[in-house]
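File shown: model-v5.cif. Contents: mmCIF, C-alpha atoms.
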data_my_file
loop_
_atom_site.group_PDB
_atom_site.id
_atom_site.type_symbol
_atom_site.label_atom_id
_atom_site.label_comp_id
_atom_site.auth_asym_id
_atom_site.auth_seq_id
_atom_site.Cartn_x
_atom_site.Cartn_y
_atom_site.Cartn_z
ATOM 1 C CA MET J 1 0.000 0.000 0.000
ATOM 2 C CA PRO J 2 1.362 3.448 -0.842
ATOM 3 C CA LEU J 3 2.470 5.962 1.724
ATOM 4 C CA ASP J 4 -0.133 8.658 2.420
ATOM 5 C CA ILE J 5 1.520 12.082 2.711
ATOM 6 C CA VAL J 6 -0.334 15.263 3.634
ATOM 7 C CA THR J 7 1.655 18.509 3.602
ATOM 8 C CA LEU J 8 0.812 20.600 6.667
ATOM 9 C CA THR J 9 3.319 23.419 6.052
ATOM 10 C CA PRO J 10 5.191 23.821 2.759
ATOM 11 C CA GLY J 11 8.976 23.800 2.771
ATOM 12 C CA ASP J 12 11.345 25.898 0.681
ATOM 13 C CA GLY J 13 10.557 23.784 -2.397
ATOM 14 C CA GLN J 14 14.254 23.699 -3.330
ATOM 15 C CA THR J 15 16.277 21.780 -0.752
ATOM 16 C CA PHE J 16 15.349 18.107 -1.003
ATOM 17 C CA PRO J 17 17.359 15.223 0.420
ATOM 18 C CA VAL J 18 18.650 12.449 -1.816
ATOM 19 C CA VAL J 19 19.550 8.908 -0.789
ATOM 20 C CA GLY J 20 22.556 9.189 1.513
ATOM 21 C CA SER J 21 21.888 12.784 2.605
ATOM 22 C CA ARG J 22 22.192 13.520 6.310
ATOM 23 C CA VAL J 23 18.844 14.864 7.493
ATOM 24 C CA THR J 24 17.684 16.467 10.726
ATOM 25 C CA PHE J 25 14.021 16.318 11.640
ATOM 26 C CA HIS J 26 11.497 16.306 14.450
ATOM 27 C CA TYR J 27 8.776 13.687 14.590
ATOM 28 C CA VAL J 28 5.706 12.775 16.596
ATOM 29 C CA GLY J 29 4.446 9.200 16.241
ATOM 30 C CA THR J 30 0.784 8.379 16.887
ATOM 31 C CA TYR J 31 -1.829 5.796 16.132
ATOM 32 C CA PRO J 32 -4.546 6.938 13.683
ATOM 33 C CA ASN J 33 -6.803 7.694 16.691
ATOM 34 C CA GLY J 34 -4.280 10.304 17.887
ATOM 35 C CA VAL J 35 -2.779 8.348 20.799
ATOM 36 C CA GLN J 36 0.916 9.260 20.879
ATOM 37 C CA PHE J 37 3.600 6.593 21.271
ATOM 38 C CA ASP J 38 6.810 8.585 20.626
ATOM 39 C CA SER J 39 8.038 12.141 20.066
ATOM 40 C CA SER J 40 11.415 13.747 19.461
ATOM 41 C CA ARG J 41 9.787 17.060 20.379
ATOM 42 C CA ASP J 42 9.000 15.811 23.893
ATOM 43 C CA ARG J 43 12.719 15.032 24.306
ATOM 44 C CA HIS J 44 13.701 18.398 22.756
ATOM 45 C CA LEU J 45 16.119 16.482 20.534
ATOM 46 C CA ALA J 46 15.743 16.344 16.768
ATOM 47 C CA LEU J 47 16.864 13.155 15.024
ATOM 48 C CA THR J 48 19.855 13.338 12.652
ATOM 49 C CA ASP J 49 21.016 10.491 10.408
ATOM 50 C CA TRP J 50 21.338 9.378 6.781
ATOM 51 C CA VAL J 51 18.148 8.970 4.762
ATOM 52 C CA GLY J 52 17.343 6.181 2.319
ATOM 53 C CA VAL J 53 19.905 3.727 3.660
ATOM 54 C CA GLY J 54 17.771 1.769 6.137
ATOM 55 C CA LYS J 55 18.354 3.899 9.245
ATOM 56 C CA PHE J 56 14.661 4.813 9.536
ATOM 57 C CA LEU J 57 11.353 3.060 8.983
ATOM 58 C CA LYS J 58 10.707 2.527 5.274
ATOM 59 C CA GLY J 59 7.778 4.968 5.334
ATOM 60 C CA ILE J 60 9.856 7.679 7.022
ATOM 61 C CA ASP J 61 12.631 7.220 4.442
ATOM 62 C CA GLU J 62 10.109 7.500 1.598
ATOM 63 C CA GLY J 63 8.431 10.542 3.120
ATOM 64 C CA LEU J 64 11.645 12.432 3.881
ATOM 65 C CA LEU J 65 12.871 11.949 0.302
ATOM 66 C CA ARG J 66 9.754 13.784 -0.933
ATOM 67 C CA MET J 67 10.011 16.702 1.516
ATOM 68 C CA SER J 68 11.933 19.978 1.302
ATOM 69 C CA VAL J 69 13.592 21.817 4.188
ATOM 70 C CA GLY J 70 11.080 23.549 6.436
ATOM 71 C CA GLU J 71 8.210 21.298 5.375
ATOM 72 C CA LYS J 72 5.885 19.703 7.901
ATOM 73 C CA ALA J 73 3.970 16.654 6.725
ATOM 74 C CA ARG J 74 1.747 13.925 8.116
ATOM 75 C CA LEU J 75 2.790 10.446 6.966
ATOM 76 C CA THR J 76 0.300 7.604 7.409
ATOM 77 C CA MET J 77 1.949 4.202 7.130
ATOM 78 C CA THR J 78 0.576 0.713 6.910
ATOM 79 C CA PRO J 79 2.505 -1.937 8.871
ATOM 80 C CA ASP J 80 4.616 -2.913 5.829
ATOM 81 C CA LEU J 81 6.068 0.634 5.795
ATOM 82 C CA ALA J 82 6.305 0.900 9.592
ATOM 83 C CA PHE J 83 6.900 -1.702 12.309
ATOM 84 C CA GLY J 84 5.372 -4.732 10.559
ATOM 85 C CA ALA J 85 4.082 -7.891 12.174
ATOM 86 C CA ARG J 86 6.480 -7.566 15.116
ATOM 87 C CA GLY J 87 5.491 -4.066 16.143
ATOM 88 C CA ASN J 88 7.766 -2.185 18.517
ATOM 89 C CA MET J 89 6.493 -3.367 21.856
ATOM 90 C CA PRO J 90 5.384 -2.088 24.211
ATOM 91 C CA ALA J 91 4.781 1.220 22.415
ATOM 92 C CA VAL J 92 3.569 -0.008 19.014
ATOM 93 C CA LEU J 93 1.380 -3.066 18.612
ATOM 94 C CA PRO J 94 2.034 -5.678 15.902
ATOM 95 C CA ASN J 95 0.479 -4.940 12.487
ATOM 96 C CA ALA J 96 -0.346 -1.359 13.491
ATOM 97 C CA THR J 97 -0.980 1.467 11.071
ATOM 98 C CA VAL J 98 0.883 4.502 12.405
ATOM 99 C CA VAL J 99 1.034 8.228 11.696
ATOM 100 C CA PHE J 100 4.156 10.371 11.917
ATOM 101 C CA GLU J 101 4.126 14.144 11.821
ATOM 102 C CA ILE J 102 7.544 15.111 10.482
ATOM 103 C CA GLU J 103 9.245 18.506 10.273
ATOM 104 C CA LEU J 104 12.352 18.479 8.065
ATOM 105 C CA LEU J 105 14.811 20.906 9.662
ATOM 106 C CA GLY J 106 17.957 20.398 7.615
ATOM 107 C CA VAL J 107 19.682 18.497 4.813
ATOM 108 C CA GLU J 108 23.415 17.944 4.310
ATOM 109 C CA ARG J 109 24.504 16.247 1.123
ATOM 110 C CA GLY J 110 27.553 13.992 1.307
#

Written form, structure tokens:
Amino acid sequence: MPLDIVTLTPGDGQTFPVVGSRVTFHYVGTYPNGVQFDSSRDRHLALTDWVGVGKFLKGIDEGLLRMSVGEKARLTMTPDLAFGARGNMPAVLPNATVVFEIELLGVERG
């Protein structure tokens, strides 16, 4: 099933990551009913790592590669793009559809 992406705030429309770019972003992970299971914002610590190389959930990789710096988007992911049949217990149940609100803060190309 395809990734569902809804842009909440447009980015600069020019600075997009490519596979292997180092990206910095905030995220809030919820179930579709709005119950939160994780948040970088709550920890006041944005996540920084390489995109498109298996460091993130498949759906987050796909979403980040379509976003430009400054963009906020809501990514809805079926289990095959998220935590799959194993889940991420105890926070995420097996076979769960999840929603991530992502804000792309920065991109560094290698």

The PyMOL selection byres ((chain J and resi 37-41) around 6) applied to the shown file, residues as a ChimeraX atom specification: /J:26-30,36,42-46,91

For Val19 of chain J, the nearest of the candidates J:Asp49, J:Lys72, J:Ile102, J:Gly84, counting only C-alpha atoms: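 Of J:Asp49, J:Lys72, J:Ile102, J:Gly84, the one nearest Val19 of chain J, counting only C-alpha atoms, is J:Asp49.
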
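Interatomic distance, atom CA of Trp50 of chain J to atom CA of Arg109 of chain J: 9.4 Å.
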
Polymer residues at most 7 Å from Val69 of chain J, only C-alpha atoms, same-chain spacing of 4 or more positions, as a ChimeraX atom specification: /J:11-12,15-16,104-107

Restrict the selected residues to C-alpha atoms and save them as a PDB file, keeping the file's coordinate frame.
ATOM      1  CA  GLY J  11       8.976  23.800   2.771  1.00  0.00           C
ATOM      2  CA  ASP J  12      11.345  25.898   0.681  1.00  0.00           C
ATOM      3  CA  THR J  15      16.277  21.780  -0.752  1.00  0.00           C
ATOM      4  CA  PHE J  16      15.349  18.107  -1.003  1.00  0.00           C
ATOM      5  CA  LEU J 104      12.352  18.479   8.065  1.00  0.00           C
ATOM      6  CA  LEU J 105      14.811  20.906   9.662  1.00  0.00           C
ATOM      7  CA  GLY J 106      17.957  20.398   7.615  1.00  0.00           C
ATOM      8  CA  VAL J 107      19.682  18.497   4.813  1.00  0.00           C
TER       9      VAL J 107
END

Point (4.3, -2.6, 9.0), cut-off 10 Å, counting only C-alpha atoms, residues as a PyMOL selection string: chain J and resi 57-59+77-87+94-98

Length of the atom CA of Pro17 of chain J to atom CA of Leu65 of chain J vector [Å]: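 That distance, rounded to one decimal, is 5.6 Å.
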
Interatomic distance, atom CA of Asp4 of chain J to atom CA of Asp61 of chain J (Å, one decimal):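 Here the two named atoms are 13.0 Å from each other.
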